[in-house]
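Engineer: Got a file for you: run.cif, mmCIF, C-alpha atoms.
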```cif
data_upload
#
loop_
_atom_site.label_atom_id
_atom_site.label_comp_id
_atom_site.auth_asym_id
_atom_site.auth_seq_id
_atom_site.Cartn_x
_atom_site.Cartn_y
_atom_site.Cartn_z
CA MET A 743 -10.94 -54.49 -8.34
CA ASP A 744 -13.70 -57.04 -8.75
CA TYR A 745 -16.97 -56.46 -6.99
CA ALA A 746 -19.96 -58.79 -6.82
CA TYR A 747 -22.43 -56.23 -8.19
CA GLU A 748 -22.38 -53.53 -10.83
CA MET A 749 -24.75 -50.65 -11.44
CA ILE A 750 -25.66 -50.33 -15.09
CA VAL A 751 -26.74 -46.83 -16.05
CA CYS A 752 -28.55 -46.42 -19.35
CA ILE A 753 -29.62 -42.99 -20.60
CA VAL A 754 -32.25 -43.11 -23.36
CA ASN A 755 -34.76 -40.84 -25.02
CA ASP A 756 -38.01 -40.29 -23.19
CA GLY A 757 -40.28 -43.33 -23.49
CA PHE A 758 -37.61 -45.99 -24.06
CA SER A 759 -37.11 -47.12 -20.47
CA GLU A 760 -39.36 -50.12 -21.04
CA ALA A 761 -37.26 -51.18 -24.00
CA VAL A 762 -34.20 -50.90 -21.77
CA MET A 763 -35.76 -53.11 -19.12
CA ASP A 764 -36.99 -55.63 -21.69
CA ALA A 765 -33.46 -56.00 -23.07
CA ALA A 766 -31.92 -56.20 -19.60
CA LYS A 767 -34.45 -58.72 -18.28
CA GLU A 768 -33.74 -61.00 -21.21
CA PHE A 769 -30.25 -61.46 -19.76
CA GLY A 770 -31.25 -61.90 -16.14
CA ALA A 771 -31.76 -58.42 -14.68
CA GLY A 772 -34.48 -58.20 -12.05
CA GLY A 773 -35.77 -54.66 -11.83
CA GLY A 774 -34.58 -51.15 -12.34
CA THR A 775 -35.22 -47.59 -11.29
CA VAL A 776 -36.18 -44.92 -13.82
CA LEU A 777 -35.28 -41.26 -13.31
CA PHE A 778 -36.32 -38.42 -15.56
CA ALA A 779 -33.59 -36.15 -16.82
CA ARG A 780 -32.69 -33.52 -19.39
CA GLY A 781 -29.80 -34.06 -21.74
CA THR A 782 -27.53 -31.38 -23.17
CA ALA A 783 -25.00 -31.43 -25.99
CA PRO A 784 -23.10 -28.69 -27.82
CA GLN A 785 -24.93 -27.66 -31.01
CA GLU A 786 -21.74 -28.00 -33.03
CA ALA A 787 -21.17 -31.57 -31.83
CA GLU A 788 -24.75 -32.51 -32.62
CA SER A 789 -24.40 -31.41 -36.24
CA PHE A 790 -20.88 -32.85 -36.64
CA PHE A 791 -21.90 -36.32 -35.46
CA LYS A 792 -25.40 -36.02 -36.96
CA ILE A 793 -26.90 -37.09 -33.65
CA PRO A 794 -29.66 -34.72 -32.58
CA VAL A 795 -30.11 -34.73 -28.82
CA HIS A 796 -33.66 -34.83 -27.56
CA PRO A 797 -33.55 -33.03 -24.25
CA GLU A 798 -36.07 -35.28 -22.52
CA LYS A 799 -34.28 -38.33 -21.27
CA GLU A 800 -34.87 -41.27 -19.02
CA LEU A 801 -32.06 -42.62 -16.91
CA VAL A 802 -32.40 -46.24 -15.93
CA MET A 803 -30.33 -47.65 -13.08
CA ILE A 804 -30.10 -51.44 -12.90
CA LEU A 805 -28.24 -53.30 -10.18
CA VAL A 806 -26.91 -56.61 -11.50
CA PRO A 807 -24.45 -59.34 -10.51
CA ARG A 808 -21.13 -58.73 -12.22
CA GLU A 809 -21.40 -61.87 -14.37
CA LEU A 810 -24.47 -60.46 -16.12
CA ARG A 811 -22.96 -57.08 -16.89
CA ASP A 812 -21.34 -57.69 -20.26
CA ASN A 813 -24.33 -59.48 -21.76
CA ILE A 814 -26.70 -56.75 -20.61
CA LEU A 815 -24.47 -53.95 -21.91
CA HIS A 816 -24.28 -55.67 -25.30
CA ALA A 817 -28.04 -56.16 -25.33
CA LEU A 818 -28.58 -52.49 -24.54
CA TYR A 819 -26.17 -51.47 -27.30
CA ARG A 820 -28.08 -53.58 -29.81
CA SER A 821 -31.63 -52.65 -28.80
CA VAL A 822 -31.44 -49.06 -27.58
CA GLY A 823 -27.95 -47.94 -28.72
CA LEU A 824 -27.05 -44.66 -30.39
CA LYS A 825 -28.06 -45.90 -33.83
CA THR A 826 -31.59 -46.77 -32.70
CA PRO A 827 -34.48 -44.39 -31.97
CA GLY A 828 -33.76 -44.81 -28.26
CA GLN A 829 -30.33 -43.17 -28.81
CA GLY A 830 -29.12 -44.71 -25.62
CA ILE A 831 -25.74 -44.81 -23.97
CA ALA A 832 -25.00 -47.33 -21.28
CA PHE A 833 -22.14 -47.75 -18.86
CA SER A 834 -21.52 -49.58 -15.62
CA LEU A 835 -20.11 -48.55 -12.27
CA PRO A 836 -18.63 -50.82 -9.60
CA VAL A 837 -20.79 -51.31 -6.53
CA ASP A 838 -18.74 -52.22 -3.49
CA SER A 839 -21.54 -53.04 -1.05
CA VAL A 840 -25.28 -53.62 -1.22
CA VAL A 841 -28.08 -54.01 1.32
CA GLY A 842 -31.81 -54.59 0.89
CA LEU A 843 -31.74 -57.13 -1.92
CA SER A 844 -34.09 -60.01 -1.08
CA GLN A 845 -33.64 -63.49 -2.41
CA PRO A 846 -36.76 -64.91 -4.07
CA GLY A 847 -38.45 -67.33 -1.68
CA GLN A 848 -36.99 -65.69 1.37
CA GLU A 849 -39.51 -65.01 4.12
CA GLU A 850 -40.31 -61.35 4.53
CA PRO A 851 -41.28 -60.02 7.96
CA ASP A 852 -44.76 -58.48 8.18
CA MET B 1077 -3.42 -27.89 32.40
CA GLU B 1078 -6.55 -29.86 33.05
CA GLU B 1079 -8.61 -26.70 32.78
CA ASN B 1080 -7.06 -25.69 29.47
CA ARG B 1081 -7.85 -29.04 28.05
CA ARG B 1082 -11.45 -28.76 29.16
CA LYS B 1083 -11.89 -25.33 27.57
CA LYS B 1084 -10.96 -26.52 24.09
CA PRO B 1085 -14.00 -26.97 21.87
CA ARG B 1086 -14.71 -30.61 21.22
CA LEU B 1087 -14.59 -31.46 17.56
CA PRO B 1088 -15.32 -34.87 16.13
CA GLU B 1089 -12.24 -37.07 15.93
CA PRO B 1090 -10.82 -36.79 12.42
CA PRO B 1091 -10.06 -39.98 10.56
CA GLY B 1092 -6.37 -40.89 10.66
CA ALA B 1093 -5.59 -40.37 7.01
CA LEU B 1094 -7.68 -38.60 4.41
CA GLN B 1095 -10.72 -40.76 3.92
CA LYS B 1096 -12.13 -41.51 0.52
CA LEU B 1097 -15.71 -40.68 -0.32
CA LYS B 1098 -18.42 -42.94 -1.67
CA LEU B 1099 -21.65 -42.27 -3.44
CA LEU B 1100 -24.43 -43.89 -1.46
CA ILE B 1101 -27.55 -44.59 -3.50
CA VAL B 1102 -30.76 -45.37 -1.65
CA VAL B 1103 -34.01 -46.30 -3.42
CA VAL B 1104 -37.10 -46.15 -1.19
CA ASN B 1105 -40.82 -45.54 -1.35
CA ARG B 1106 -41.67 -41.88 -1.73
CA ASN B 1107 -43.52 -41.52 1.54
CA ARG B 1108 -40.52 -42.76 3.52
CA ALA B 1109 -37.87 -40.69 1.76
CA ASP B 1110 -37.85 -37.85 4.29
CA PHE B 1111 -37.28 -40.32 7.09
CA TYR B 1112 -34.23 -41.76 5.34
CA THR B 1113 -32.87 -38.31 4.54
CA ASP B 1114 -32.89 -37.42 8.23
CA PHE B 1115 -31.54 -40.84 9.12
CA LEU B 1116 -28.51 -40.47 6.84
CA GLN B 1117 -27.60 -37.14 8.39
CA SER B 1118 -26.65 -39.00 11.55
CA PHE B 1119 -23.83 -40.60 9.54
CA GLU B 1120 -22.13 -37.26 8.86
CA VAL B 1121 -23.68 -36.92 5.42
CA ASN B 1122 -23.71 -33.24 4.49
CA LEU B 1123 -24.98 -33.41 0.93
CA GLN B 1124 -27.91 -35.42 -0.36
CA LEU B 1125 -29.76 -35.13 -3.64
CA LYS B 1126 -33.28 -36.49 -3.83
CA MET B 1127 -35.22 -37.20 -6.95
CA ASN B 1128 -38.43 -38.88 -7.91
CA ALA B 1129 -38.29 -42.15 -9.79
CA ARG B 1130 -40.34 -45.18 -10.54
CA GLY B 1131 -39.55 -48.83 -10.11
CA THR B 1132 -39.78 -51.23 -13.03
CA ALA B 1133 -39.88 -54.64 -11.34
CA ASN B 1134 -42.86 -56.70 -12.46
CA SER B 1135 -45.64 -57.39 -9.99
CA GLU B 1136 -44.50 -60.93 -9.14
CA LEU B 1137 -41.00 -59.76 -8.35
CA LEU B 1138 -42.35 -56.75 -6.46
CA HIS B 1139 -44.29 -59.15 -4.32
CA TYR B 1140 -41.15 -61.18 -3.62
CA LEU B 1141 -39.20 -58.08 -2.71
CA GLY B 1142 -42.03 -56.50 -0.74
CA LEU B 1143 -41.79 -53.39 -2.89
CA GLU B 1144 -45.39 -53.16 -4.10
CA GLU B 1145 -45.30 -49.42 -4.57
CA SER B 1146 -43.62 -48.32 -7.80
CA GLU B 1147 -43.44 -44.61 -6.98
CA LYS B 1148 -39.93 -44.28 -5.64
CA ARG B 1149 -37.50 -41.66 -4.48
CA VAL B 1150 -33.78 -42.01 -5.08
CA LEU B 1151 -31.34 -40.44 -2.65
CA PHE B 1152 -27.79 -39.75 -3.77
CA ALA B 1153 -25.65 -39.10 -0.72
CA LEU B 1154 -21.93 -38.50 -0.50
CA ILE B 1155 -20.55 -40.30 2.49
CA ARG B 1156 -17.10 -40.76 4.02
CA GLU B 1157 -15.66 -44.24 3.56
CA ASP B 1158 -15.52 -45.07 7.28
CA GLN B 1159 -19.20 -44.18 7.68
CA ALA B 1160 -20.40 -46.19 4.69
CA ALA B 1161 -20.45 -49.63 6.30
CA PRO B 1162 -22.25 -48.53 9.51
CA ALA B 1163 -24.74 -46.54 7.40
CA LEU B 1164 -25.48 -49.53 5.16
CA GLN B 1165 -25.86 -51.80 8.17
CA ALA B 1166 -28.27 -49.37 9.84
CA LEU B 1167 -30.20 -48.91 6.60
CA ASP B 1168 -30.49 -52.67 6.22
CA GLU B 1169 -32.02 -52.89 9.68
CA LYS B 1170 -34.52 -50.12 8.85
CA PHE B 1171 -35.41 -51.82 5.54
CA ARG B 1172 -36.27 -54.98 7.48
CA THR B 1173 -38.12 -53.46 10.39
CA LEU B 1174 -39.79 -50.22 9.28
CA ARG B 1175 -43.33 -50.64 7.96
CA GLY B 1176 -43.39 -49.53 4.33
CA GLY B 1177 -39.73 -48.71 4.64
CA LYS B 1178 -38.26 -51.40 2.41
CA GLY B 1179 -35.70 -50.38 -0.13
CA ILE B 1180 -32.23 -51.00 -1.43
CA ALA B 1181 -29.00 -49.16 -0.82
CA TYR B 1182 -25.57 -49.51 -2.34
CA THR B 1183 -22.32 -47.61 -2.59
CA VAL B 1184 -20.16 -46.65 -5.54
CA PRO B 1185 -16.56 -45.58 -4.88
CA LEU B 1186 -15.55 -42.11 -6.10
CA SER B 1187 -12.23 -41.61 -7.82
CA GLY B 1188 -11.91 -37.85 -7.43
CA VAL B 1189 -13.29 -34.65 -5.95
CA ALA B 1190 -12.73 -31.10 -7.20
CA GLY B 1191 -11.60 -28.72 -4.47
CA VAL B 1192 -10.29 -28.98 -0.91
CA ALA B 1193 -13.19 -27.03 0.61
CA ILE B 1194 -15.66 -29.26 -1.17
CA TYR B 1195 -13.86 -32.33 0.15
CA GLN B 1196 -13.96 -30.94 3.69
CA PHE B 1197 -17.66 -30.25 3.35
CA LEU B 1198 -18.50 -33.62 1.87
CA SER B 1199 -16.41 -35.55 4.37
CA ASN B 1200 -17.61 -33.38 7.28
CA ASN B 1201 -13.98 -32.80 8.28
CA ARG B 1202 -14.60 -29.81 10.56
CA ARG B 1203 -11.22 -30.00 12.24
CA MET B 1204 -9.32 -29.75 8.96
CA ALA B 1205 -11.51 -26.82 7.90
CA LYS B 1206 -10.96 -25.06 11.24
CA GLU B 1207 -7.18 -25.53 11.14
CA LYS B 1208 -7.08 -23.96 7.72
CA LYS B 1209 -8.86 -20.86 9.02
#
```
In structure tokens, what does this structure look like?
Structural biologist:
Amino acid sequence: MDYAYEMIVCIVNDGFSEAVMDAAKEFGAGGGTVLFARGTAPQEAESFFKIPVHPEKELVMILVPRELRDNILHALYRSVGLKTPGQGIAFSLPVDSVVGLSQPGQEEPD
Amino acid sequence: MEENRRKKPRLPEPPGALQKLKLLIVVVNRNRADFYTDFLQSFEVNLQLKMNARGTANSELLHYLGLEESEKRVLFALIREDQAAPALQALDEKFRTLRGGKGIAYTVPLSGVAGVAIYQFLSNNRRMAKEKK
């Protein structure tokens, strides 16, 4: 199923949400919403993969037109991916309907 | 016969087939979040999760969107598929008309739910739950 919009979710270490938005904006994203979260991972998996999990996380949700999705996901992988200090993972979910998005230049009621 | 029919408790009409659920995500200013929580309950939403967040749009874009305040609250609500469109339409109207009530809302389809009772609760299917009893 092809939808017009996708929600990109990127989970990064605390303090990297700006880096996420910088990367996403470079490829056309408008704005995002940052939520604070705590991450968990099994101790054994952390040592096996040599990826220590910092519990403090930021979760960034970005609503984007579908055409921008792949470029933004690649940009996030490069700039805040697992092999960077941001240790981010990013994925996208289909969004089947949206309301409240304003077009730039559109008159807003007072 | 007429009397018997009248005595039966009136339950909301169940949807014809089992309805799918959607995750409704609403991002609004913090001071209006409680209003939207109550508002969504009128669309048979039984479970909502609220959390604090902040917006990242730059000031120029915020101005365009009318979302000057960056302190946000995100509502995650599970809603039955047939209620999603009316809820979004009503939310859109509130976003346009309510002072300080601008925001965005969108839905993500769910592909599964664990447990019949949970499904009944989330879809507000009271008749199905009552029949099971």
Engineer: Show me, as a VMD selection string, every residue of chain A with an atom at most 12 Å from chain B, counting all atoms listed in the file.
Structural biologist: chain A and resid 743 745 to 750 759 to 764 766 to 767 771 to 779 800 to 806 834 to 852
Engineer: Take the PyMOL selection byres ((chain B and resi 1109) around 9), run it mentally on this structure, and tell me the resulting residues as a PDB file with C-alpha atoms, keeping the file's coordinate frame.
Structural biologist:
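Done, and the output landed in expr-v8.pdb:
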```
ATOM      1  CA  VAL B1103     -34.010 -46.300  -3.420  1.00  0.00           C
ATOM      2  CA  VAL B1104     -37.100 -46.150  -1.190  1.00  0.00           C
ATOM      3  CA  ASN B1105     -40.820 -45.540  -1.350  1.00  0.00           C
ATOM      4  CA  ARG B1106     -41.670 -41.880  -1.730  1.00  0.00           C
ATOM      5  CA  ASN B1107     -43.520 -41.520   1.540  1.00  0.00           C
ATOM      6  CA  ARG B1108     -40.520 -42.760   3.520  1.00  0.00           C
ATOM      7  CA  ASP B1110     -37.850 -37.850   4.290  1.00  0.00           C
ATOM      8  CA  PHE B1111     -37.280 -40.320   7.090  1.00  0.00           C
ATOM      9  CA  TYR B1112     -34.230 -41.760   5.340  1.00  0.00           C
ATOM     10  CA  THR B1113     -32.870 -38.310   4.540  1.00  0.00           C
ATOM     11  CA  ASP B1114     -32.890 -37.420   8.230  1.00  0.00           C
ATOM     12  CA  LYS B1126     -33.280 -36.490  -3.830  1.00  0.00           C
ATOM     13  CA  LYS B1148     -39.930 -44.280  -5.640  1.00  0.00           C
ATOM     14  CA  ARG B1149     -37.500 -41.660  -4.480  1.00  0.00           C
ATOM     15  CA  VAL B1150     -33.780 -42.010  -5.080  1.00  0.00           C
ATOM     16  CA  LEU B1151     -31.340 -40.440  -2.650  1.00  0.00           C
ATOM     17  CA  GLY B1177     -39.730 -48.710   4.640  1.00  0.00           C
TER      18      GLY B1177
END
```
Engineer: Quick one: distance from CA of Gly830 in chain A to CA of Ile753 in chain A in Å, one decimal?
Structural biologist: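 One can read the CA of Gly830 in chain A to CA of Ile753 in chain A distance as 5.3 Å.
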Engineer: What separation in Å, quoted to one decimal, exists between CA of Val1121 in chain B and CA of Ser1187 in chain B?
Structural biologist: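 Computed distance, CA of Val1121 in chain B to CA of Ser1187 in chain B, equals 18.1 Å.
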Engineer: For CA of Glu786 in chain A and CA of Ser821 in chain A, quote the distance in Å rounded to one decimal.
Structural biologist: 26.9 Å
Engineer: Evaluating the PyMOL selection byres ((chain A and resi 769) around 9) on the displayed file yields which residues, as a CSV table (one decimal) with C-alpha atoms, keeping the file's coordinate frame?
Structural biologist:
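Contents of the output file result04.csv:
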```
chain,number,residue,atom,x,y,z
A,765,ALA,CA,-33.5,-56.0,-23.1
A,766,ALA,CA,-31.9,-56.2,-19.6
A,767,LYS,CA,-34.4,-58.7,-18.3
A,768,GLU,CA,-33.7,-61.0,-21.2
A,770,GLY,CA,-31.2,-61.9,-16.1
A,771,ALA,CA,-31.8,-58.4,-14.7
A,810,LEU,CA,-24.5,-60.5,-16.1
A,811,ARG,CA,-23.0,-57.1,-16.9
A,813,ASN,CA,-24.3,-59.5,-21.8
A,814,ILE,CA,-26.7,-56.8,-20.6
A,817,ALA,CA,-28.0,-56.2,-25.3
```
Engineer: Going by the chain IDs and residue numbers used in this file, which residues fall under the PyMOL selection byres ((chain B and resi 1119) around 9)? Write them as a list in words.
Structural biologist: Phe1115, Leu1116, Gln1117, Ser1118, Glu1120, Val1121, Asn1122, Ile1155, Arg1156, Gln1159, Ala1160, Pro1162 and Ala1163 of chain B
Engineer: Between A:Val822, A:Leu815, A:Val795, A:Ile831, which is the closest to Ala783 in chain A once you count all atoms listed in the file?
Structural biologist: A:Val795
Engineer: Compile the contact shell of Pro827 in chain A as a PyMOL selection string: residues with an atom at most 12 Å away, counting all atoms listed in the file, same-chain residues fewer than 2 positions apart removed.
Structural biologist: chain A and resi 754-758+761+793-796+819-825+829-831
Engineer: Could you give me range 808-844 of chain A completed to N, CA and C atoms, formatted as a PDB file, in the frame of the given file?
Structural biologist:
```pdb
ATOM      1  N   ARG A 808     -22.185 -59.087 -11.257  1.00  0.00           N
ATOM      2  CA  ARG A 808     -21.130 -58.730 -12.220  1.00  0.00           C
ATOM      3  C   ARG A 808     -21.128 -59.635 -13.458  1.00  0.00           C
ATOM      4  N   GLU A 809     -21.459 -60.920 -13.249  1.00  0.00           N
ATOM      5  CA  GLU A 809     -21.400 -61.870 -14.370  1.00  0.00           C
ATOM      6  C   GLU A 809     -22.383 -61.499 -15.475  1.00  0.00           C
ATOM      7  N   LEU A 810     -23.448 -60.790 -15.116  1.00  0.00           N
ATOM      8  CA  LEU A 810     -24.470 -60.460 -16.120  1.00  0.00           C
ATOM      9  C   LEU A 810     -24.147 -59.178 -16.879  1.00  0.00           C
ATOM     10  N   ARG A 811     -23.194 -58.433 -16.377  1.00  0.00           N
ATOM     11  CA  ARG A 811     -22.960 -57.080 -16.890  1.00  0.00           C
ATOM     12  C   ARG A 811     -22.698 -57.027 -18.389  1.00  0.00           C
ATOM     13  N   ASP A 812     -21.745 -57.812 -18.860  1.00  0.00           N
ATOM     14  CA  ASP A 812     -21.340 -57.690 -20.260  1.00  0.00           C
ATOM     15  C   ASP A 812     -22.483 -58.023 -21.215  1.00  0.00           C
ATOM     16  N   ASN A 813     -23.204 -59.096 -20.894  1.00  0.00           N
ATOM     17  CA  ASN A 813     -24.330 -59.480 -21.760  1.00  0.00           C
ATOM     18  C   ASN A 813     -25.383 -58.378 -21.804  1.00  0.00           C
ATOM     19  N   ILE A 814     -25.667 -57.790 -20.656  1.00  0.00           N
ATOM     20  CA  ILE A 814     -26.700 -56.750 -20.610  1.00  0.00           C
ATOM     21  C   ILE A 814     -26.233 -55.502 -21.365  1.00  0.00           C
ATOM     22  N   LEU A 815     -24.975 -55.133 -21.183  1.00  0.00           N
ATOM     23  CA  LEU A 815     -24.470 -53.950 -21.910  1.00  0.00           C
ATOM     24  C   LEU A 815     -24.540 -54.170 -23.416  1.00  0.00           C
ATOM     25  N   HIS A 816     -24.174 -55.382 -23.864  1.00  0.00           N
ATOM     26  CA  HIS A 816     -24.280 -55.670 -25.300  1.00  0.00           C
ATOM     27  C   HIS A 816     -25.720 -55.614 -25.769  1.00  0.00           C
ATOM     28  N   ALA A 817     -26.627 -56.168 -24.962  1.00  0.00           N
ATOM     29  CA  ALA A 817     -28.040 -56.160 -25.330  1.00  0.00           C
ATOM     30  C   ALA A 817     -28.563 -54.724 -25.431  1.00  0.00           C
ATOM     31  N   LEU A 818     -28.127 -53.886 -24.516  1.00  0.00           N
ATOM     32  CA  LEU A 818     -28.580 -52.490 -24.540  1.00  0.00           C
ATOM     33  C   LEU A 818     -28.019 -51.785 -25.773  1.00  0.00           C
ATOM     34  N   TYR A 819     -26.775 -52.086 -26.109  1.00  0.00           N
ATOM     35  CA  TYR A 819     -26.170 -51.470 -27.300  1.00  0.00           C
ATOM     36  C   TYR A 819     -26.964 -51.839 -28.547  1.00  0.00           C
ATOM     37  N   ARG A 820     -27.353 -53.124 -28.611  1.00  0.00           N
ATOM     38  CA  ARG A 820     -28.080 -53.580 -29.810  1.00  0.00           C
ATOM     39  C   ARG A 820     -29.494 -53.018 -29.871  1.00  0.00           C
ATOM     40  N   SER A 821     -30.201 -52.992 -28.734  1.00  0.00           N
ATOM     41  CA  SER A 821     -31.630 -52.650 -28.800  1.00  0.00           C
ATOM     42  C   SER A 821     -31.928 -51.176 -28.588  1.00  0.00           C
ATOM     43  N   VAL A 822     -31.149 -50.484 -27.786  1.00  0.00           N
ATOM     44  CA  VAL A 822     -31.440 -49.060 -27.580  1.00  0.00           C
ATOM     45  C   VAL A 822     -30.177 -48.195 -27.748  1.00  0.00           C
ATOM     46  N   GLY A 823     -29.212 -48.667 -28.534  1.00  0.00           N
ATOM     47  CA  GLY A 823     -27.950 -47.940 -28.720  1.00  0.00           C
ATOM     48  C   GLY A 823     -28.123 -46.654 -29.497  1.00  0.00           C
ATOM     49  N   LEU A 824     -26.993 -45.978 -29.740  1.00  0.00           N
ATOM     50  CA  LEU A 824     -27.050 -44.660 -30.390  1.00  0.00           C
ATOM     51  C   LEU A 824     -27.649 -44.684 -31.783  1.00  0.00           C
ATOM     52  N   LYS A 825     -27.544 -45.841 -32.452  1.00  0.00           N
ATOM     53  CA  LYS A 825     -28.060 -45.900 -33.830  1.00  0.00           C
ATOM     54  C   LYS A 825     -29.516 -46.324 -33.878  1.00  0.00           C
ATOM     55  N   THR A 826     -30.164 -46.421 -32.760  1.00  0.00           N
ATOM     56  CA  THR A 826     -31.590 -46.770 -32.700  1.00  0.00           C
ATOM     57  C   THR A 826     -32.372 -45.529 -32.255  1.00  0.00           C
ATOM     58  N   PRO A 827     -33.700 -45.563 -32.403  1.00  0.00           N
ATOM     59  CA  PRO A 827     -34.480 -44.390 -31.970  1.00  0.00           C
ATOM     60  C   PRO A 827     -34.306 -44.062 -30.480  1.00  0.00           C
ATOM     61  N   GLY A 828     -33.960 -45.060 -29.695  1.00  0.00           N
ATOM     62  CA  GLY A 828     -33.760 -44.810 -28.260  1.00  0.00           C
ATOM     63  C   GLY A 828     -32.536 -43.948 -27.979  1.00  0.00           C
ATOM     64  N   GLN A 829     -31.573 -43.948 -28.911  1.00  0.00           N
ATOM     65  CA  GLN A 829     -30.330 -43.170 -28.810  1.00  0.00           C
ATOM     66  C   GLN A 829     -29.688 -43.286 -27.423  1.00  0.00           C
ATOM     67  N   GLY A 830     -29.573 -44.538 -26.988  1.00  0.00           N
ATOM     68  CA  GLY A 830     -29.120 -44.710 -25.620  1.00  0.00           C
ATOM     69  C   GLY A 830     -27.620 -44.859 -25.474  1.00  0.00           C
ATOM     70  N   ILE A 831     -27.114 -44.450 -24.331  1.00  0.00           N
ATOM     71  CA  ILE A 831     -25.740 -44.810 -23.970  1.00  0.00           C
ATOM     72  C   ILE A 831     -25.843 -45.577 -22.646  1.00  0.00           C
ATOM     73  N   ALA A 832     -24.959 -46.526 -22.503  1.00  0.00           N
ATOM     74  CA  ALA A 832     -25.000 -47.330 -21.280  1.00  0.00           C
ATOM     75  C   ALA A 832     -23.587 -47.520 -20.775  1.00  0.00           C
ATOM     76  N   PHE A 833     -23.446 -47.496 -19.475  1.00  0.00           N
ATOM     77  CA  PHE A 833     -22.140 -47.750 -18.860  1.00  0.00           C
ATOM     78  C   PHE A 833     -22.382 -48.404 -17.505  1.00  0.00           C
ATOM     79  N   SER A 834     -21.325 -48.927 -16.920  1.00  0.00           N
ATOM     80  CA  SER A 834     -21.520 -49.580 -15.620  1.00  0.00           C
ATOM     81  C   SER A 834     -20.538 -49.027 -14.609  1.00  0.00           C
ATOM     82  N   LEU A 835     -20.941 -49.027 -13.369  1.00  0.00           N
ATOM     83  CA  LEU A 835     -20.110 -48.550 -12.270  1.00  0.00           C
ATOM     84  C   LEU A 835     -19.965 -49.678 -11.238  1.00  0.00           C
ATOM     85  N   PRO A 836     -18.795 -49.769 -10.612  1.00  0.00           N
ATOM     86  CA  PRO A 836     -18.630 -50.820  -9.600  1.00  0.00           C
ATOM     87  C   PRO A 836     -19.430 -50.495  -8.350  1.00  0.00           C
ATOM     88  N   VAL A 837     -20.034 -51.488  -7.771  1.00  0.00           N
ATOM     89  CA  VAL A 837     -20.790 -51.310  -6.530  1.00  0.00           C
ATOM     90  C   VAL A 837     -20.086 -52.122  -5.459  1.00  0.00           C
ATOM     91  N   ASP A 838     -19.571 -51.464  -4.431  1.00  0.00           N
ATOM     92  CA  ASP A 838     -18.740 -52.220  -3.490  1.00  0.00           C
ATOM     93  C   ASP A 838     -19.521 -52.833  -2.333  1.00  0.00           C
ATOM     94  N   SER A 839     -20.717 -52.343  -2.054  1.00  0.00           N
ATOM     95  CA  SER A 839     -21.540 -53.040  -1.050  1.00  0.00           C
ATOM     96  C   SER A 839     -23.016 -52.745  -1.281  1.00  0.00           C
ATOM     97  N   VAL A 840     -23.835 -53.709  -0.963  1.00  0.00           N
ATOM     98  CA  VAL A 840     -25.280 -53.620  -1.220  1.00  0.00           C
ATOM     99  C   VAL A 840     -26.028 -54.100   0.009  1.00  0.00           C
ATOM    100  N   VAL A 841     -27.138 -53.441   0.342  1.00  0.00           N
ATOM    101  CA  VAL A 841     -28.080 -54.010   1.320  1.00  0.00           C
ATOM    102  C   VAL A 841     -29.489 -53.857   0.770  1.00  0.00           C
ATOM    103  N   GLY A 842     -30.391 -54.727   1.246  1.00  0.00           N
ATOM    104  CA  GLY A 842     -31.810 -54.590   0.890  1.00  0.00           C
ATOM    105  C   GLY A 842     -32.260 -55.477  -0.235  1.00  0.00           C
ATOM    106  N   LEU A 843     -31.326 -56.212  -0.861  1.00  0.00           N
ATOM    107  CA  LEU A 843     -31.740 -57.130  -1.920  1.00  0.00           C
ATOM    108  C   LEU A 843     -32.293 -58.396  -1.275  1.00  0.00           C
ATOM    109  N   SER A 844     -33.524 -58.783  -1.633  1.00  0.00           N
ATOM    110  CA  SER A 844     -34.090 -60.010  -1.080  1.00  0.00           C
ATOM    111  C   SER A 844     -33.911 -61.139  -2.070  1.00  0.00           C
TER     112      SER A 844
END
```
